[in-house]
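Participant: Have a look at this one.
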Amino acid sequence: MSDELERTRQFLHQHHGGNGERAAERTLSTHERNHDADFQSFWETHTPRGDNLHIVDLGCGPALFLKQQAREHPGFRLTGIEIAPYMLARIDDKPDNLEIRIADLNAPGKAVFPPASIDACLANMLIHELFQPVMLFQALYHWIKPGGVLILTDTVRQPLKSFLNHRFPDTDFSRDPLDAPSMNDCFRDYFEHNRYTAKDIAELLELCGFDLIEQQNLRDGRATRIAARRP
């Protein structure tokens, strides 16, 4: 294992609160919310149609989305990219048309996939976990076929007061006692989950050559969903 891969794994473990098992359970429990009917409609509206597509899920976690695609589209070629051991350990009963690869998406290089080999790609709650997304967006422009689509969902910057009220909904900050470790974790999470505005992500995609098809605000402005086409 390379030093960079191990560095990224250690960062993700800390980002997930130092408890990989809990992070994996949270991913499983929030899957339906993150892939609800609105998401499905957005995905089906903007991704190509066909029987033999290559679909990729970046940061696929336990690969539940790809397993669903395998059930519905047995002719698809499906590839998941994941790096966290506690996520990889939850991928069981893998369909024959699903491949899981380990790669560091902070600096993936162009060799992870052949040029123009992906029809549609999902990046769900991934971008805020990267040290920077530009090198991934550049690689995706190389990997995705002309006319192929990236569907991206992620948290975006919100006011600190809004974040605190969402994290501690029953706390009166003027008088309730506060726990230092919890507050330290909260502020670490704030800075890691609020790196970019929705406009920042859209403009980075355009900077890397993508055409923006549609962008939606989610969760009262705390997240964004984007469809971007490789021209």
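Note on naming: chains are A, B, ... as they come in the structure tokens, residues start from 1 per chain, ligands start from 1 in the order shown.
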Can you check which residues of segment 44-184 of chain A DSSP gives as strand (DSSP E or B) on the backbone and send them as a ChimeraX atom specification?
Facilitator: /A:54-58,77-81,98-101,118-124,144-155
Participant: For segment 180-197 of chain A, please output as a ChimeraX atom specification all residues within 10 Å (counting only C-alpha atoms; exclusion window: fewer than 5 positions along the same chain).
Facilitator: /A:14-17,125,127-132,154-160,163-164,167-168,202-203,221-224
Participant: Can I get the selection written as a PDB file, in the first residue's frame, with N, CA and C atoms?
Facilitator:
ATOM      1  N   GLN A  14     -10.493   9.442  10.616  1.00  0.00           N
ATOM      2  CA  GLN A  14     -10.701  10.570  11.524  1.00  0.00           C
ATOM      3  C   GLN A  14     -11.945  11.357  11.128  1.00  0.00           C
ATOM      4  N   HIS A  15     -12.113  11.565   9.818  1.00  0.00           N
ATOM      5  CA  HIS A  15     -13.283  12.297   9.317  1.00  0.00           C
ATOM      6  C   HIS A  15     -14.580  11.610   9.728  1.00  0.00           C
ATOM      7  N   HIS A  16     -14.550  10.289   9.803  1.00  0.00           N
ATOM      8  CA  HIS A  16     -15.723   9.514  10.207  1.00  0.00           C
ATOM      9  C   HIS A  16     -15.781   9.299  11.714  1.00  0.00           C
ATOM     10  N   GLY A  17     -15.135  10.192  12.450  1.00  0.00           N
ATOM     11  CA  GLY A  17     -15.239  10.186  13.908  1.00  0.00           C
ATOM     12  C   GLY A  17     -14.383   9.146  14.593  1.00  0.00           C
ATOM     13  N   MET A 125     -21.904  12.334  -1.874  1.00  0.00           N
ATOM     14  CA  MET A 125     -21.302  12.672  -0.582  1.00  0.00           C
ATOM     15  C   MET A 125     -19.816  12.302  -0.556  1.00  0.00           C
ATOM     16  N   ILE A 127     -17.247  14.577  -2.467  1.00  0.00           N
ATOM     17  CA  ILE A 127     -16.347  15.698  -2.755  1.00  0.00           C
ATOM     18  C   ILE A 127     -15.819  16.346  -1.478  1.00  0.00           C
ATOM     19  N   HIS A 128     -16.650  16.483  -0.449  1.00  0.00           N
ATOM     20  CA  HIS A 128     -16.175  17.126   0.782  1.00  0.00           C
ATOM     21  C   HIS A 128     -15.149  16.273   1.510  1.00  0.00           C
ATOM     22  N   GLU A 129     -15.027  14.980   1.155  1.00  0.00           N
ATOM     23  CA  GLU A 129     -14.065  14.100   1.806  1.00  0.00           C
ATOM     24  C   GLU A 129     -12.696  14.115   1.131  1.00  0.00           C
ATOM     25  N   LEU A 130     -12.581  14.782  -0.005  1.00  0.00           N
ATOM     26  CA  LEU A 130     -11.305  14.858  -0.711  1.00  0.00           C
ATOM     27  C   LEU A 130     -10.486  16.041  -0.206  1.00  0.00           C
ATOM     28  N   PHE A 131      -9.167  15.918  -0.311  1.00  0.00           N
ATOM     29  CA  PHE A 131      -8.312  17.056   0.029  1.00  0.00           C
ATOM     30  C   PHE A 131      -8.555  18.202  -0.941  1.00  0.00           C
ATOM     31  N   GLN A 132      -8.823  17.872  -2.194  1.00  0.00           N
ATOM     32  CA  GLN A 132      -9.214  18.836  -3.231  1.00  0.00           C
ATOM     33  C   GLN A 132      -9.852  18.019  -4.359  1.00  0.00           C
ATOM     34  N   ASP A 154     -23.633  16.590  -2.738  1.00  0.00           N
ATOM     35  CA  ASP A 154     -22.717  16.810  -1.619  1.00  0.00           C
ATOM     36  C   ASP A 154     -23.211  17.932  -0.722  1.00  0.00           C
ATOM     37  N   THR A 155     -22.676  17.923   0.501  1.00  0.00           N
ATOM     38  CA  THR A 155     -22.945  19.016   1.412  1.00  0.00           C
ATOM     39  C   THR A 155     -22.231  20.269   0.922  1.00  0.00           C
ATOM     40  N   VAL A 156     -22.807  21.431   1.238  1.00  0.00           N
ATOM     41  CA  VAL A 156     -22.189  22.697   0.855  1.00  0.00           C
ATOM     42  C   VAL A 156     -22.185  23.636   2.055  1.00  0.00           C
ATOM     43  N   ARG A 157     -21.477  24.734   1.885  1.00  0.00           N
ATOM     44  CA  ARG A 157     -21.260  25.662   2.994  1.00  0.00           C
ATOM     45  C   ARG A 157     -22.573  26.259   3.482  1.00  0.00           C
ATOM     46  N   GLN A 158     -22.692  26.319   4.789  1.00  0.00           N
ATOM     47  CA  GLN A 158     -23.851  26.934   5.423  1.00  0.00           C
ATOM     48  C   GLN A 158     -23.371  27.789   6.589  1.00  0.00           C
ATOM     49  N   PRO A 159     -24.189  28.720   7.081  1.00  0.00           N
ATOM     50  CA  PRO A 159     -23.783  29.525   8.230  1.00  0.00           C
ATOM     51  C   PRO A 159     -23.493  28.650   9.445  1.00  0.00           C
ATOM     52  N   LEU A 160     -22.503  29.055  10.222  1.00  0.00           N
ATOM     53  CA  LEU A 160     -22.115  28.285  11.395  1.00  0.00           C
ATOM     54  C   LEU A 160     -23.285  28.140  12.365  1.00  0.00           C
ATOM     55  N   PHE A 163     -25.473  25.363  11.247  1.00  0.00           N
ATOM     56  CA  PHE A 163     -24.836  24.062  11.479  1.00  0.00           C
ATOM     57  C   PHE A 163     -24.943  23.669  12.952  1.00  0.00           C
ATOM     58  N   LEU A 164     -24.675  24.616  13.856  1.00  0.00           N
ATOM     59  CA  LEU A 164     -24.752  24.325  15.289  1.00  0.00           C
ATOM     60  C   LEU A 164     -26.179  23.964  15.704  1.00  0.00           C
ATOM     61  N   ARG A 167     -26.901  20.510  14.522  1.00  0.00           N
ATOM     62  CA  ARG A 167     -26.139  19.483  15.256  1.00  0.00           C
ATOM     63  C   ARG A 167     -26.642  19.346  16.696  1.00  0.00           C
ATOM     64  N   PHE A 168     -27.023  20.469  17.313  1.00  0.00           N
ATOM     65  CA  PHE A 168     -27.477  20.460  18.710  1.00  0.00           C
ATOM     66  C   PHE A 168     -28.857  21.115  18.800  1.00  0.00           C
ATOM     67  N   ALA A 202     -20.064  23.918  -8.815  1.00  0.00           N
ATOM     68  CA  ALA A 202     -20.504  24.067 -10.208  1.00  0.00           C
ATOM     69  C   ALA A 202     -19.413  24.715 -11.053  1.00  0.00           C
ATOM     70  N   GLU A 203     -18.789  25.747 -10.534  1.00  0.00           N
ATOM     71  CA  GLU A 203     -17.769  26.460 -11.308  1.00  0.00           C
ATOM     72  C   GLU A 203     -16.503  25.630 -11.468  1.00  0.00           C
ATOM     73  N   GLY A 221     -30.769  24.101   1.623  1.00  0.00           N
ATOM     74  CA  GLY A 221     -29.536  24.755   1.210  1.00  0.00           C
ATOM     75  C   GLY A 221     -28.278  24.165   1.800  1.00  0.00           C
ATOM     76  N   ARG A 222     -28.390  23.075   2.554  1.00  0.00           N
ATOM     77  CA  ARG A 222     -27.201  22.466   3.159  1.00  0.00           C
ATOM     78  C   ARG A 222     -26.510  21.487   2.225  1.00  0.00           C
ATOM     79  N   ALA A 223     -27.096  21.207   1.069  1.00  0.00           N
ATOM     80  CA  ALA A 223     -26.501  20.279   0.101  1.00  0.00           C
ATOM     81  C   ALA A 223     -26.900  20.696  -1.303  1.00  0.00           C
ATOM     82  N   THR A 224     -26.184  20.170  -2.280  1.00  0.00           N
ATOM     83  CA  THR A 224     -26.498  20.449  -3.671  1.00  0.00           C
ATOM     84  C   THR A 224     -26.464  19.154  -4.474  1.00  0.00           C
TER      85      THR A 224
END
Participant: Give me, as a CSV table (one decimal) with C-alpha atoms, in the first residue's frame, all polymer residues having an atom no more than 9 Å from Tyr141 of chain A, counting only C-alpha atoms and skipping those fewer than 3 positions away in the same chain.
Facilitator:
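The result, stored in selection33.csv:
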chain,number,residue,atom,x,y,z
A,115,PRO,CA,-10.3,7.1,-21.8
A,116,ALA,CA,-14.0,7.7,-22.7
A,136,LEU,CA,-10.6,14.1,-9.8
A,137,PHE,CA,-12.8,16.3,-12.0
A,138,GLN,CA,-9.9,16.5,-14.5
A,144,ILE,CA,-16.3,9.8,-19.2
A,145,LYS,CA,-17.5,9.4,-22.8
A,146,PRO,CA,-18.5,12.5,-24.8
A,208,CYS,CA,-12.6,21.3,-15.8
A,209,GLY,CA,-14.5,21.3,-19.0
A,210,PHE,CA,-18.0,20.0,-18.0
A,230,ARG,CA,-18.9,15.8,-20.7
A,231,PRO,CA,-19.2,17.6,-24.0
Participant: Skip Ile213 of chain A itself and residues of its chain fewer than 2 positions away, then list as number ranges by chain all residues within 8 Å of it, counting only C-alpha atoms.
Facilitator: A: 211, 215, 226-229
Participant: From the options A:Thr8, A:Asn52, A:Ser41, A:Gln216, which residue's atoms come nearest to Ile102 of chain A, counting only C-alpha atoms?
Facilitator: A:Thr8
Participant: With only C-alpha atoms as the atoms that count, which of A:His13, A:Arg90, A:Lys110, A:His54 lies nearest to Pro74 of chain A?
Facilitator: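 Going through A:His13, A:Arg90, A:Lys110, A:His54 one by one, the smallest distance to Pro74 of chain A is for A:His54.
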Participant: Of the candidates A:Leu78, A:Ala120, A:Met135, A:Ile83, which shows the shortest atom-to-atom distance to Gly20 of chain A, using only C-alpha atoms?
Facilitator: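 The answer is A:Ile83, which sits nearest to Gly20 of chain A.
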Participant: I want to know what sits within 10 Å of Ala70 of chain A, based on only C-alpha atoms, with residues of the same chain fewer than 3 positions away left out; could you give that as a PyMOL selection string?
Facilitator: chain A and resi 64-67+73-78+94-98
Participant: Produce a file of the selected residues containing N, CA and C atoms, as a CSV table (one decimal), in the first residue's frame.
Facilitator:
chain,number,residue,atom,x,y,z
A,64,LEU,N,-24.5,-0.4,-2.2
A,64,LEU,CA,-25.9,-0.7,-2.3
A,64,LEU,C,-26.5,-0.1,-3.6
A,65,PHE,N,-26.1,1.1,-4.0
A,65,PHE,CA,-26.6,1.7,-5.3
A,65,PHE,C,-26.2,0.8,-6.5
A,66,LEU,N,-25.0,0.3,-6.5
A,66,LEU,CA,-24.6,-0.5,-7.6
A,66,LEU,C,-25.3,-1.9,-7.6
A,67,LYS,N,-25.5,-2.4,-6.5
A,67,LYS,CA,-26.3,-3.7,-6.4
A,67,LYS,C,-27.7,-3.5,-6.9
A,73,HIS,N,-30.5,-3.8,-14.1
A,73,HIS,CA,-29.9,-3.8,-15.4
A,73,HIS,C,-28.8,-4.8,-15.5
A,74,PRO,N,-29.1,-6.1,-15.6
A,74,PRO,CA,-28.1,-7.1,-15.6
A,74,PRO,C,-27.1,-7.0,-16.8
A,75,GLY,N,-27.4,-6.2,-17.8
A,75,GLY,CA,-26.5,-6.0,-18.9
A,75,GLY,C,-25.5,-4.9,-18.7
A,76,PHE,N,-25.6,-4.1,-17.6
A,76,PHE,CA,-24.7,-3.1,-17.3
A,76,PHE,C,-23.4,-3.6,-16.8
A,77,ARG,N,-22.3,-2.9,-17.1
A,77,ARG,CA,-21.0,-3.1,-16.4
A,77,ARG,C,-20.9,-2.1,-15.3
A,78,LEU,N,-20.7,-2.5,-14.1
A,78,LEU,CA,-20.7,-1.7,-12.9
A,78,LEU,C,-19.4,-1.7,-12.2
A,94,LYS,N,-21.7,-10.0,-4.0
A,94,LYS,CA,-21.4,-9.1,-5.1
A,94,LYS,C,-21.8,-9.7,-6.4
A,95,PRO,N,-22.7,-9.0,-7.2
A,95,PRO,CA,-23.1,-9.5,-8.5
A,95,PRO,C,-22.0,-9.7,-9.4
A,96,ASP,N,-22.2,-10.6,-10.4
A,96,ASP,CA,-21.1,-10.9,-11.4
A,96,ASP,C,-20.7,-9.7,-12.2
A,97,ASN,N,-21.6,-8.8,-12.5
A,97,ASN,CA,-21.3,-7.6,-13.3
A,97,ASN,C,-20.8,-6.4,-12.5
A,98,LEU,N,-20.5,-6.6,-11.2
A,98,LEU,CA,-20.0,-5.5,-10.4
A,98,LEU,C,-18.5,-5.8,-10.0
Participant: Between A:Asp51, A:Glu21, A:Asp119, A:Asp200, single out the one closest to Leu88 of chain A, counting only C-alpha atoms.
Facilitator: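 Once distances to Leu88 of chain A are computed over only C-alpha atoms, the minimum belongs to A:Glu21.
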Participant: Output as a PyMOL selection string all residues of segment 56-205 of chain A that backbone DSSP marks as alpha helix (DSSP H).
Facilitator: chain A and resi 64-72+85-88+134-143+160-167+180-193+198-205
